[in-house]
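*Asks:* Pasting run_6.cif here (mmCIF, C-alpha atoms and all ligand atoms):
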data_coords
loop_
_atom_site.label_atom_id
_atom_site.label_comp_id
_atom_site.auth_asym_id
_atom_site.auth_seq_id
_atom_site.Cartn_x
_atom_site.Cartn_y
_atom_site.Cartn_z
CA MET T 1 88.57 121.62 118.40
CA ASP T 2 89.40 119.35 115.51
CA ASN T 3 92.45 117.21 115.83
CA PRO T 4 95.04 117.96 113.17
CA ALA T 5 95.30 115.30 110.47
CA PRO T 6 97.96 112.71 111.25
CA PRO T 7 101.15 113.24 109.31
CA SER T 8 101.22 111.44 105.98
CA VAL T 9 105.01 111.16 106.13
CA ARG T 10 106.88 110.19 109.26
CA ILE T 11 110.64 110.29 109.51
CA TRP T 12 112.85 108.85 112.21
CA VAL T 13 116.52 109.64 112.59
CA ALA T 14 118.78 107.65 114.90
CA THR T 15 122.49 107.42 115.59
CA LEU T 16 124.62 104.30 115.42
CA ALA T 17 124.75 104.37 119.22
CA GLN T 18 121.27 102.81 118.99
CA ALA T 19 122.44 99.89 116.82
CA ASP T 20 122.12 97.37 119.63
CA LEU T 21 123.24 93.95 118.40
CA ARG T 22 120.22 92.38 120.08
CA LEU T 23 118.17 93.96 117.26
CA ARG T 24 119.54 91.15 115.07
CA ARG T 25 116.74 88.96 116.32
CA TRP T 26 114.28 91.09 114.34
CA LEU T 27 116.03 90.35 111.03
CA ASP T 28 114.72 87.78 108.60
CA PRO T 29 117.19 85.24 107.16
CA ARG T 30 117.95 87.31 104.04
CA GLU T 31 118.56 90.42 106.12
CA MET T 32 120.76 88.41 108.45
CA GLY T 33 122.74 87.14 105.44
CA ARG T 34 123.26 90.67 104.24
CA PHE T 35 124.21 91.84 107.72
CA LEU T 36 126.86 89.12 107.97
CA ASN T 37 128.24 89.98 104.54
CA TYR T 38 129.28 93.50 105.51
CA GLU T 39 132.97 93.56 106.28
CA SER T 40 133.08 96.57 108.57
CA PRO T 41 131.29 96.82 111.91
CA ALA T 42 130.12 100.32 110.97
CA ASP T 43 128.44 99.05 107.79
CA GLN T 44 126.86 96.22 109.75
CA ALA T 45 125.58 98.67 112.36
CA ARG T 46 124.13 101.02 109.73
CA PHE T 47 122.29 98.17 108.01
CA LEU T 48 121.07 96.67 111.28
CA LEU T 49 119.78 99.99 112.59
CA GLY T 50 118.06 100.88 109.30
CA ALA T 51 116.40 97.46 109.09
CA ALA T 52 115.28 97.63 112.74
CA MET T 53 113.92 101.19 112.36
CA LEU T 54 112.02 100.15 109.25
CA ARG T 55 110.49 97.17 111.05
CA SER T 56 109.63 99.28 114.06
CA ALA T 57 107.96 101.95 111.90
CA VAL T 58 105.92 99.49 109.83
CA GLY T 59 105.08 97.39 112.89
CA GLN T 60 103.79 100.48 114.73
CA GLN T 61 101.64 101.42 111.75
CA LEU T 62 100.24 97.92 111.21
CA GLY T 63 99.95 97.06 114.89
CA ILE T 64 102.30 94.08 114.71
CA ARG T 65 105.68 93.26 116.23
CA PRO T 66 108.79 94.44 114.35
CA GLU T 67 109.99 90.86 113.89
CA ASP T 68 106.64 89.91 112.31
CA VAL T 69 106.86 92.58 109.60
CA THR T 70 107.48 91.19 106.11
CA VAL T 71 110.00 93.27 104.19
CA ASN T 72 110.52 92.77 100.47
CA ARG T 73 113.84 94.14 99.21
CA GLU T 74 113.78 92.59 95.76
CA CYS T 75 115.39 94.98 93.29
CA GLU T 76 112.92 95.96 90.58
CA SER T 77 115.77 96.05 88.02
CA CYS T 78 117.83 92.93 88.71
CA GLY T 79 115.93 90.85 91.28
CA ALA T 80 118.73 90.96 93.87
CA TRP T 81 117.84 91.67 97.50
CA HIS T 82 119.18 95.22 97.52
CA GLY T 83 116.11 97.09 96.29
CA ARG T 84 113.91 99.75 97.80
CA PRO T 85 112.23 98.15 100.82
CA ARG T 86 108.49 97.49 100.60
CA ALA T 87 105.98 96.13 103.09
CA PRO T 88 103.82 93.68 101.12
CA GLY T 89 100.14 93.72 102.00
CA SER T 90 100.24 97.40 102.97
CA SER T 91 100.20 100.56 100.89
CA LEU T 92 103.03 102.06 102.94
CA GLN T 93 105.92 103.61 101.04
CA LEU T 94 109.35 103.40 102.63
CA SER T 95 112.77 104.92 102.18
CA VAL T 96 116.02 104.51 104.11
CA SER T 97 119.21 106.58 104.03
CA HIS T 98 122.38 106.70 106.07
CA ALA T 99 125.41 108.92 106.33
CA GLY T 100 128.21 108.85 108.83
CA LEU T 101 126.75 107.97 112.22
CA LEU T 102 123.12 108.71 111.27
CA VAL T 103 120.37 106.56 109.82
CA ALA T 104 117.01 107.92 108.60
CA VAL T 105 113.83 106.03 107.76
CA ALA T 106 110.82 107.64 106.07
CA MET T 107 107.36 106.08 105.87
CA ALA T 108 104.47 107.52 103.87
CA THR T 109 100.89 106.38 104.29
CA ALA T 110 99.94 107.93 100.96
CA GLY T 111 102.02 108.48 97.86
CA PRO T 112 105.72 108.06 97.21
CA VAL T 113 108.49 109.08 99.57
CA GLY T 114 112.25 109.44 99.26
CA ILE T 115 114.70 110.40 101.98
CA ASP T 116 118.35 111.34 101.63
CA LEU T 117 120.88 112.03 104.33
CA GLU T 118 124.39 113.26 103.53
CA ARG T 119 127.45 114.35 105.40
CA MET T 120 128.75 117.75 104.44
CA ARG T 121 131.92 116.99 102.52
CA SER T 122 131.74 120.05 100.29
CA SER T 123 129.86 123.34 100.32
CA PRO T 124 126.46 123.26 102.04
CA ALA T 125 124.75 124.46 98.86
CA THR T 126 126.27 121.62 96.82
CA VAL T 127 125.38 118.99 99.41
CA GLU T 128 121.87 120.36 99.83
CA SER T 129 121.22 120.27 96.13
CA TRP T 130 122.53 116.69 96.05
CA THR T 131 120.16 115.62 98.87
CA HIS T 132 117.23 117.13 96.96
CA LYS T 133 118.16 115.27 93.78
CA GLU T 134 118.60 111.98 95.63
CA ALA T 135 115.38 112.32 97.62
CA ARG T 136 113.44 113.08 94.42
CA PHE T 137 115.04 110.13 92.64
CA LYS T 138 114.28 107.77 95.53
CA ALA T 139 110.64 108.89 95.51
CA GLY T 140 110.41 107.84 91.87
CA GLY T 141 111.03 111.25 90.34
CA GLY T 142 107.35 111.99 89.60
CA GLU T 143 106.06 115.39 88.51
CA ASP T 144 103.91 116.13 91.55
CA LEU T 145 106.58 115.72 94.23
CA ILE T 146 107.68 118.40 96.60
CA VAL T 147 111.22 118.25 97.92
CA HIS T 148 112.50 120.10 100.94
CA SER T 149 115.32 120.11 103.47
CA LEU T 150 114.71 119.15 107.06
CA PRO T 151 116.71 120.43 110.01
CA LEU T 152 118.77 117.98 112.06
CA PRO T 153 120.06 118.40 115.60
CA TRP T 154 123.49 117.16 114.47
CA PRO T 155 125.99 119.45 112.75
CA ARG T 156 127.51 118.79 109.34
CA HIS T 157 124.70 116.60 108.10
CA LEU T 158 121.91 117.53 105.71
CA MET T 159 118.65 115.72 105.06
CA ALA T 160 115.98 116.15 102.40
CA VAL T 161 112.66 114.45 101.80
CA ALA T 162 110.52 114.15 98.68
CA HIS T 163 106.82 113.37 98.98
CA GLN T 164 103.54 114.05 97.29
CA LYS T 165 102.08 117.54 97.47
CA ASN T 166 99.79 118.35 100.38
CA GLY T 167 101.50 115.81 102.60
CA THR T 168 102.36 116.66 106.19
CA VAL T 169 105.70 115.61 107.60
CA GLU T 170 106.67 114.75 111.15
CA VAL T 171 110.32 114.18 112.05
CA SER T 172 111.36 112.42 115.21
CA THR T 173 114.88 112.14 116.47
CA SER T 174 114.06 110.85 119.89
CA ARG T 175 114.45 107.19 120.80
CA GLN T 176 111.16 107.16 122.67
CA ARG T 177 109.21 107.69 119.47
CA LEU T 178 110.84 104.68 117.84
CA ASP T 179 110.20 101.41 119.53
CA LEU T 180 113.75 100.09 119.61
CA LEU T 181 115.14 98.06 122.46
CA GLU T 182 115.78 99.80 125.73
CA ARG T 183 119.44 99.89 126.56
ZN ZN T 201 119.52 95.53 91.37
#
Could you render the structure as structure tokens?

*Replies:*
Amino acid sequence: MDNPAPPSVRIWVATLAQADLRLRRWLDPREMGRFLNYESPADQARFLLGAAMLRSAVGQQLGIRPEDVTVNRECESCGAWHGRPRAPGSSLQLSVSHAGLLVAVAMATAGPVGIDLERMRSSPATVESWTHKEARFKAGGGEDLIVHSLPLPWPRHLMAVAHQKNGTVEVSTSRQRLDLLER
């Protein structure tokens, strides 16, 4: 039997409980500067976890250690270090989103990707439509994107992803699938 094609989009979702401070050693100096600039521990934890998940995902794909992954966050509009993350030297497309206690990272091996995670602060239909708009925007808003919602095992949160047509998506919410530090 043929093996199914590997997913072209992989998504990992983790909770802030996994934001182990030892993950700081994976950060590069600019990420560390940004981490230290957040005033609240929750914001620090969200950034740390997102950065670590991104490094773990790219490292897994490229076969290198998370701390050896080069991440470029230069904003394409203003040059500041708050832009969409990219992994120079690879064709991987990346997107990060967080809401409440959850952080999501999406990685596409082909074509654009955008992920959006939101807490339900108003009606589910309103929030869902917002996640679709955001995911599409973060994927660059091209014509040939498909956008869909993805189920989460946590209540009161919604997530949507935008990616190129014909892509297959795999979502993982288990720590074992993401090579973070053991606790
Ligand atoms: Zn900017």

*Asks:* Counting all atoms listed in the file, which residue out of T:Val171, T:Cys75, T:Val147, T:Met159 sits closest to ligand ZN 201 (chain T)?

*Replies:*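 Selected residue with least distance to ligand ZN 201 (chain T): T:Cys75.
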
*Asks:* Please write out the residues within 12 Å of ligand ZN 201 (chain T) as a PyMOL selection string, counting all atoms listed in the file.

*Replies:* chain T and resi 73-84

*Asks:* Near T:Ala135, within 6 Å and counting all atoms listed in the file, which residues show up once chain neighbours fewer than 6 positions away are dropped, as a ChimeraX atom specification?

*Replies:* /T:114-116,161-162

*Asks:* Keeping only C-alpha atoms, take the residues you just selected and write them out as a PDB file, in the coordinates of the input.

*Replies:*
ATOM      1  CA  GLY T 114     112.250 109.440  99.260  1.00  0.00           C
ATOM      2  CA  ILE T 115     114.700 110.400 101.980  1.00  0.00           C
ATOM      3  CA  ASP T 116     118.350 111.340 101.630  1.00  0.00           C
ATOM      4  CA  VAL T 161     112.660 114.450 101.800  1.00  0.00           C
ATOM      5  CA  ALA T 162     110.520 114.150  98.680  1.00  0.00           C
TER       6      ALA T 162
END

*Asks:* Using all atoms listed in the file, which of the listed residues (T:Glu118, T:Ala160, T:Pro155, T:Pro88) sits closest to T:His132?

*Replies:*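 Smallest distance to T:His132 is found for T:Ala160.
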
*Asks:* In Å, how far is it from atom CA of T:Gly140 to atom CA of T:Leu48?

*Replies:* 24.8 Å

*Asks:* Select, from T:Val103, T:Leu92, T:Ala87, T:Val58, the residue with the minimum atom-to-atom distance to T:Val71, counting only C-alpha atoms.

*Replies:*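 Between T:Val103, T:Leu92, T:Ala87, T:Val58, the residue approaching T:Val71 most closely is T:Ala87.
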
*Asks:* Given the choices T:Arg46, T:Arg136, T:His98, T:Arg86, which gets closest to T:Leu23 if the distance is worked out from only C-alpha atoms?

*Replies:*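 Going through T:Arg46, T:Arg136, T:His98, T:Arg86 one by one, the smallest distance to T:Leu23 is for T:Arg46.
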
*Asks:* Report, in Å with one decimal, the straight-line distance from atom CA of T:Ala19 to atom CA of T:Ala51.

*Replies:*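 Distance between the two atoms: 10.1 Å.
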
*Asks:* Measuring atom to atom with all atoms listed in the file, identify which of T:Gly59, T:Leu152, T:Thr126, T:Val113 is nearest to T:Lys165.

*Replies:* T:Val113

*Asks:* Got a sec: who's within 12 Å of T:Glu31, counting only C-alpha atoms, leaving out chain neighbours fewer than 2 positions off, as a ChimeraX atom specification?

*Replies:* /T:23-29,33-38,44,47-52,55,67,70-74,81-82,85

*Asks:* Given the choices T:Asp144, T:Ala45, T:Gln60, T:Gly100, which gets closest to T:Asp20 if the distance is worked out from all atoms listed in the file?

*Replies:*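 Counting all atoms listed in the file, the residue closest to T:Asp20 is T:Ala45.
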